[in-house]
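Peer 1: Structure file run.csv (CSV, C-alpha atoms) right here:
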```
chain,number,residue,atom,x,y,z
A,3,MET,CA,0.0,0.0,0.0
A,4,GLY,CA,1.4,3.4,-1.0
A,5,GLU,CA,2.0,6.4,1.2
A,6,PRO,CA,-0.9,8.8,1.6
A,7,GLY,CA,-0.9,12.1,-0.3
A,8,PRO,CA,0.2,15.2,1.4
A,9,SER,CA,-3.3,16.4,2.3
A,10,THR,CA,-4.0,13.1,4.2
A,11,ALA,CA,-0.7,13.3,6.1
A,12,ASP,CA,-1.0,17.0,6.8
A,13,ALA,CA,-4.5,16.5,8.2
A,14,ARG,CA,-3.3,13.7,10.4
A,15,LYS,CA,-0.5,15.9,11.7
A,16,GLU,CA,-2.8,18.8,12.3
A,17,GLN,CA,-5.3,16.6,14.2
A,18,ALA,CA,-2.5,15.3,16.5
A,19,LEU,CA,-1.3,18.9,17.2
A,20,LYS,CA,-4.8,19.9,18.2
A,21,LEU,CA,-5.4,16.8,20.3
A,22,PHE,CA,-2.2,17.1,22.3
A,23,ALA,CA,-2.3,20.8,22.8
A,24,GLY,CA,-4.4,20.7,26.0
A,25,LEU,CA,-2.7,17.7,27.6
A,26,PRO,CA,0.8,18.6,28.8
A,27,ARG,CA,0.1,18.8,32.5
A,28,ARG,CA,-1.4,15.3,32.6
A,29,TYR,CA,0.5,13.9,29.7
A,30,ASP,CA,3.2,11.9,31.6
A,31,ALA,CA,1.0,10.3,34.2
A,32,ALA,CA,-1.8,9.6,31.9
A,33,GLY,CA,0.5,8.2,29.2
A,34,ALA,CA,2.0,5.7,31.7
A,35,ALA,CA,-1.5,4.7,32.9
A,36,LEU,CA,-2.9,4.2,29.5
A,37,SER,CA,0.0,1.9,28.5
A,38,PHE,CA,-0.3,-0.1,31.8
A,39,GLY,CA,2.9,1.4,33.0
A,40,GLN,CA,5.0,0.2,30.0
A,41,ASP,CA,5.8,3.6,28.5
A,42,PRO,CA,8.4,4.6,31.1
A,43,ARG,CA,10.1,1.2,30.6
A,44,TRP,CA,10.1,1.6,26.9
A,45,ARG,CA,11.7,5.0,27.2
A,46,ARG,CA,14.4,3.7,29.5
A,47,ALA,CA,15.2,0.9,27.0
A,48,MET,CA,15.6,3.5,24.2
A,49,VAL,CA,17.8,5.8,26.2
A,50,ALA,CA,20.1,2.9,27.1
A,51,ARG,CA,20.8,2.3,23.4
A,52,VAL,CA,22.3,5.8,23.0
A,53,ASP,CA,25.3,5.3,25.3
A,54,ALA,CA,26.4,8.9,25.2
A,55,GLY,CA,29.4,10.4,26.9
A,56,PRO,CA,29.4,13.4,29.3
A,57,ARG,CA,30.9,15.6,26.6
A,58,ASP,CA,28.4,14.5,24.0
A,59,ARG,CA,25.6,16.7,22.6
A,60,VAL,CA,22.3,14.8,21.9
A,61,LEU,CA,19.3,16.0,19.9
A,62,ASP,CA,15.9,14.7,21.3
A,63,VAL,CA,13.3,15.1,18.5
A,64,ALA,CA,9.6,15.2,19.4
A,65,THR,CA,10.8,15.8,23.0
A,66,GLY,CA,7.2,16.5,24.2
A,67,THR,CA,7.3,17.2,27.9
A,68,GLY,CA,11.0,16.5,28.2
A,69,LEU,CA,11.0,13.0,29.7
A,70,VAL,CA,13.6,11.6,27.4
A,71,ALA,CA,15.8,14.8,27.5
A,72,ALA,CA,15.8,14.6,31.3
A,73,ALA,CA,16.6,10.9,31.2
A,74,LEU,CA,19.5,11.4,28.9
A,75,VAL,CA,21.1,14.0,31.1
A,76,ARG,CA,20.5,12.0,34.3
A,77,ARG,CA,22.0,8.8,32.8
A,78,PHE,CA,24.9,10.1,30.8
A,79,GLY,CA,25.6,13.6,32.0
A,80,CYS,CA,25.5,14.8,28.4
A,81,ARG,CA,24.1,18.0,26.9
A,82,VAL,CA,20.7,17.7,25.2
A,83,VAL,CA,18.7,19.9,22.8
A,84,GLY,CA,15.0,19.0,22.9
A,85,LEU,CA,13.0,19.9,19.8
A,86,ASP,CA,9.2,19.8,19.4
A,87,GLN,CA,6.7,21.5,17.1
A,88,SER,CA,4.2,22.0,20.0
A,89,PRO,CA,4.6,25.2,22.1
A,90,GLU,CA,2.4,23.7,24.7
A,91,MET,CA,4.5,20.6,25.1
A,92,LEU,CA,7.7,22.7,25.2
A,93,GLY,CA,6.2,24.9,27.9
A,94,ARG,CA,5.6,21.9,30.1
A,95,ALA,CA,9.1,20.6,29.3
A,96,GLU,CA,10.6,23.9,30.3
A,97,GLU,CA,8.8,23.7,33.7
A,98,ARG,CA,10.2,20.2,34.2
A,99,LEU,CA,13.7,20.9,33.3
A,100,ARG,CA,14.0,24.3,34.9
A,101,ALA,CA,12.8,22.9,38.2
A,102,ASN,CA,16.1,21.1,38.5
A,103,SER,CA,19.3,23.2,38.2
A,104,GLY,CA,21.3,20.2,37.0
A,105,LEU,CA,19.0,19.5,34.2
A,106,ALA,CA,18.5,23.2,33.3
A,107,ALA,CA,22.2,23.7,32.9
A,108,ARG,CA,22.5,20.9,30.4
A,109,THR,CA,19.4,21.3,28.3
A,110,GLU,CA,18.1,23.6,25.6
A,111,LEU,CA,14.6,23.6,24.1
A,112,VAL,CA,13.8,24.6,20.5
A,113,GLN,CA,10.6,24.8,18.6
A,114,GLY,CA,10.8,23.2,15.2
A,115,GLU,CA,9.8,20.3,12.9
A,116,ALA,CA,11.6,17.0,12.3
A,117,GLU,CA,11.1,17.3,8.6
A,118,SER,CA,13.3,20.5,8.5
A,119,LEU,CA,15.7,20.6,11.4
A,120,PRO,CA,17.2,24.1,12.2
A,121,PHE,CA,20.7,22.6,12.6
A,122,ALA,CA,23.8,22.1,10.5
A,123,ASP,CA,25.1,18.8,9.2
A,124,ARG,CA,26.7,16.6,11.7
A,125,ASP,CA,25.8,19.0,14.5
A,126,PHE,CA,25.1,16.3,17.2
A,127,ASP,CA,26.8,13.2,18.6
A,128,HIS,CA,23.6,11.2,18.9
A,129,LEU,CA,19.9,11.6,18.4
A,130,THR,CA,16.6,10.2,19.8
A,131,PHE,CA,13.0,10.5,18.7
A,132,THR,CA,9.8,9.2,20.2
A,133,TYR,CA,6.4,8.6,18.7
A,134,LEU,CA,7.3,10.6,15.6
A,135,LEU,CA,7.0,8.9,12.3
A,136,ARG,CA,3.3,8.3,12.4
A,137,TYR,CA,2.7,12.0,12.1
A,138,VAL,CA,5.1,13.0,9.2
A,139,ASN,CA,4.2,13.1,5.6
A,140,ASP,CA,7.3,11.3,4.3
A,141,PRO,CA,9.0,9.0,6.9
A,142,ALA,CA,11.9,8.2,4.5
A,143,ALA,CA,12.7,11.8,4.0
A,144,THR,CA,12.3,12.5,7.7
A,145,LEU,CA,14.8,9.8,8.6
A,146,ARG,CA,17.3,11.2,6.1
A,147,GLU,CA,16.9,14.6,7.7
A,148,LEU,CA,17.4,13.2,11.2
A,149,ALA,CA,20.5,11.3,10.1
A,150,ARG,CA,21.9,14.4,8.5
A,151,VAL,CA,22.5,16.2,11.7
A,152,VAL,CA,24.3,13.3,13.4
A,153,LYS,CA,28.0,12.8,13.3
A,154,PRO,CA,29.3,9.5,11.7
A,155,GLY,CA,29.4,6.9,14.4
A,156,GLY,CA,26.7,8.5,16.4
A,157,ARG,CA,23.8,6.5,17.8
A,158,ILE,CA,20.2,7.1,16.6
A,159,ALA,CA,17.4,5.5,18.7
A,160,SER,CA,13.6,5.7,18.6
A,161,LEU,CA,10.5,4.5,20.4
A,162,GLU,CA,7.2,3.8,18.7
A,163,PHE,CA,4.0,1.9,19.4
A,164,MET,CA,3.6,-1.3,17.4
A,165,LEU,CA,0.9,-3.8,16.4
A,166,PRO,CA,1.5,-7.1,18.3
A,167,PRO,CA,2.5,-9.9,15.9
A,168,ASN,CA,0.7,-12.7,17.7
A,169,ARG,CA,-2.9,-13.1,16.5
A,170,VAL,CA,-4.4,-13.5,20.0
A,171,THR,CA,-2.4,-10.6,21.4
A,172,ARG,CA,-3.3,-8.4,18.5
A,173,TYR,CA,-7.0,-9.1,19.1
A,174,LEU,CA,-6.6,-8.1,22.7
A,175,TRP,CA,-4.7,-5.0,21.7
A,176,ARG,CA,-7.4,-4.0,19.2
A,177,LEU,CA,-10.0,-4.5,21.9
A,178,TYR,CA,-8.0,-2.4,24.3
A,179,THR,CA,-7.3,0.4,21.9
A,180,ARG,CA,-10.8,0.6,20.5
A,181,VAL,CA,-12.7,0.2,23.8
A,182,GLY,CA,-10.3,0.3,26.7
A,183,LEU,CA,-8.4,3.5,25.8
A,184,PRO,CA,-11.4,5.7,25.1
A,185,THR,CA,-13.1,4.4,28.3
A,186,LEU,CA,-10.0,5.2,30.4
A,187,GLY,CA,-9.5,8.5,28.6
A,188,ARG,CA,-13.1,9.5,29.5
A,189,LEU,CA,-12.2,9.0,33.2
A,190,ILE,CA,-9.3,11.5,32.9
A,191,SER,CA,-10.8,14.2,30.8
A,192,ARG,CA,-12.7,15.0,27.5
A,193,ASP,CA,-9.3,15.7,25.9
A,194,TRP,CA,-8.0,12.2,26.8
A,195,LEU,CA,-11.3,10.6,25.5
A,196,GLU,CA,-10.5,12.1,22.1
A,197,VAL,CA,-6.8,10.9,22.3
A,198,GLY,CA,-8.0,7.4,23.3
A,199,ARG,CA,-10.2,7.3,20.2
A,200,PHE,CA,-7.4,8.6,18.0
A,201,LEU,CA,-4.4,6.4,19.1
A,202,GLY,CA,-5.6,2.9,18.0
A,203,PRO,CA,-6.5,3.8,14.4
A,204,SER,CA,-3.4,6.0,14.1
A,205,ILE,CA,-1.1,3.1,15.2
A,206,THR,CA,-2.9,0.6,13.0
A,207,ASP,CA,-2.8,2.9,9.9
A,208,PHE,CA,1.0,3.4,10.4
A,209,TYR,CA,1.8,-0.3,10.5
A,210,MET,CA,-0.5,-1.1,7.6
A,211,ARG,CA,1.6,1.5,5.6
A,212,LEU,CA,5.0,0.7,7.1
A,213,PRO,CA,5.4,-2.7,8.8
A,214,LEU,CA,8.5,-3.0,11.0
A,215,GLU,CA,10.7,-4.6,8.4
A,216,GLN,CA,10.0,-1.7,6.0
A,217,GLN,CA,10.8,0.7,8.7
A,218,LEU,CA,14.1,-0.9,9.2
A,219,GLU,CA,14.8,-0.7,5.5
A,220,LEU,CA,14.1,3.1,5.6
A,221,TRP,CA,16.6,3.5,8.4
A,222,ARG,CA,19.3,1.7,6.3
A,223,ALA,CA,18.4,3.8,3.2
A,224,ALA,CA,18.9,6.9,5.3
A,225,GLY,CA,22.5,6.0,5.9
A,226,ILE,CA,22.1,4.3,9.3
A,227,VAL,CA,24.0,1.1,9.8
A,228,SER,CA,23.8,-1.8,12.2
A,229,VAL,CA,20.1,-1.2,12.6
A,230,GLU,CA,18.3,-3.4,15.3
A,231,ALA,CA,14.9,-3.5,16.8
A,232,LYS,CA,13.6,-4.8,20.2
A,233,VAL,CA,9.9,-5.6,20.4
A,234,MET,CA,8.6,-4.6,23.8
A,235,SER,CA,5.6,-5.8,25.9
A,236,LEU,CA,4.4,-8.6,23.6
A,237,GLY,CA,4.5,-6.2,20.6
A,238,GLY,CA,2.9,-3.1,22.2
A,239,GLY,CA,6.0,-1.0,21.5
A,240,VAL,CA,9.3,-1.2,19.7
A,241,VAL,CA,12.7,0.4,20.2
A,242,ILE,CA,14.8,0.8,17.1
A,243,TRP,CA,18.4,1.9,17.0
A,244,GLY,CA,21.4,2.1,14.8
A,245,THR,CA,24.6,4.0,14.0
A,246,ARG,CA,25.1,6.9,11.6
A,247,GLY,CA,27.3,5.6,8.8
A,248,ALA,CA,30.1,7.4,7.1
```
Spell out the structure here as structure tokens.

Peer 2:
Amino acid sequence: MGEPGPSTADARKEQALKLFAGLPRRYDAAGAALSFGQDPRWRRAMVARVDAGPRDRVLDVATGTGLVAAALVRRFGCRVVGLDQSPEMLGRAEERLRANSGLAARTELVQGEAESLPFADRDFDHLTFTYLLRYVNDPAATLRELARVVKPGGRIASLEFMLPPNRVTRYLWRLYTRVGLPTLGRLISRDWLEVGRFLGPSITDFYMRLPLEQQLELWRAAGIVSVEAKVMSLGGGVVIWGTRGA
């Protein structure tokens, strides 16, 4: 199945921006609850694949409320630039990071888009991105743009939701995302009800267009070598990582 036209992808991206604009203050706790506590574990697994040094500079794309940026600084003592297109999410990230002087001293927040990064070639030692490719018009071009700003030999790591490969598990996943997520979201707020309705179809659509093996091929085509993937929580999430080639 081919990629959707620009109008479809742009509409999907605009819908996501509107949905998440009102969520920053409850985003972290609700996200953990809606994933049965798995989201924090997945993020830790992704951060561990970066293996940055204290003198390294890491770009965290789609930084959201700054969870990954903070985790990178705490684990490696590196410097981090967090980039996101949502001013609301960046506002919450700034509150989080500025509340800790150690984090504040080693982080910078920038508003921008993954498809057109405001940085020079090979500007960063490593790069991370989280729940990103479902929302971009051209995943292949976006991966090339992400790889562009990483020095050869640098690590690139990502986290994304996934469709469970097992038939029974996938049935339970569909039941949860179509019924459970909206129901839990309703208990939190009207905004989270809409997010609950949005996430399941969004994840399914992405994996119908780009199954995991095709995603890995896009990583390799972008100049990323030694690409690996770790399926998490029976297929609920996947961590992908690789090294920027020469």

Peer 1: May I ask which of the residues A:Cys80, A:Ala34, A:Val170, A:Leu111 is the closest one to Arg94 in chain A, counting all atoms listed in the file?

Peer 2: A:Leu111

Peer 1: Can you tell me which residues surround Ile226 in chain A at a distance of at most 8 Å, considering all atoms listed in the file, apart from same-chain residues fewer than 2 positions away, and format the answer as a compact mmCIF listing (two decimals) with C-alpha atoms, in the frame of the given file?

Peer 2:
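This went into selection_28.txt:
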```txt
# COMPACT_ATOMS: atom_id res chain seq x y z
CA ALA A 149 20.50 11.30 10.10
CA TRP A 221 16.60 3.50 8.40
CA ARG A 222 19.30 1.70 6.30
CA ALA A 223 18.40 3.80 3.20
CA ALA A 224 18.90 6.90 5.30
CA SER A 228 23.80 -1.80 12.20
CA VAL A 229 20.10 -1.20 12.60
CA GLY A 244 21.40 2.10 14.80
CA THR A 245 24.60 4.00 14.00
CA ARG A 246 25.10 6.90 11.60
CA GLY A 247 27.30 5.60 8.80
```

Peer 1: Could you state the separation of CA of Asn102 in chain A and CA of Val70 in chain A in Å, given to one decimal place?

Peer 2: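 CA of Asn102 in chain A sits 14.8 Å away from CA of Val70 in chain A.
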
Peer 1: If I take CA of Ala248 in chain A and CA of Gly55 in chain A, how far is one from the other in Å, to one decimal?

Peer 2: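 Separation between CA of Ala248 in chain A and CA of Gly55 in chain A: 20.0 Å.
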
Peer 1: For the atom pair CA of Val197 in chain A and CA of Ser118 in chain A, what is the interatomic distance in Å to one decimal place?

Peer 2: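 Interatomic distance here is 26.2 Å.
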
Peer 1: Quick one: residues within 10 Å of Ala159 in chain A, all atoms listed in the file counted, chain neighbours fewer than 6 positions away excluded, as a list in words?

Peer 2: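 Here the answer would be Ala47, Met48, Val49, Ala50, Arg51, Val52, Asp62, His128, Leu129, Thr130, Phe131, Thr132, Val229, Glu230, Ala231, Val241, Ile242, Trp243, Gly244 and Thr245 of chain A.
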
Peer 1: Go through A:Leu195, A:Leu189, A:Ala54, A:Val63 and flag the residue nearest Leu145 in chain A, using all atoms listed in the file for the distances.

Peer 2: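 Closest to Leu145 in chain A, using all atoms listed in the file: A:Val63.
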
Peer 1: Using only C-alpha atoms, which residue out of A:Asp41, A:Asp207, A:Asp193, A:Asp58 lies closest to Gly79 in chain A?

Peer 2: A:Asp58
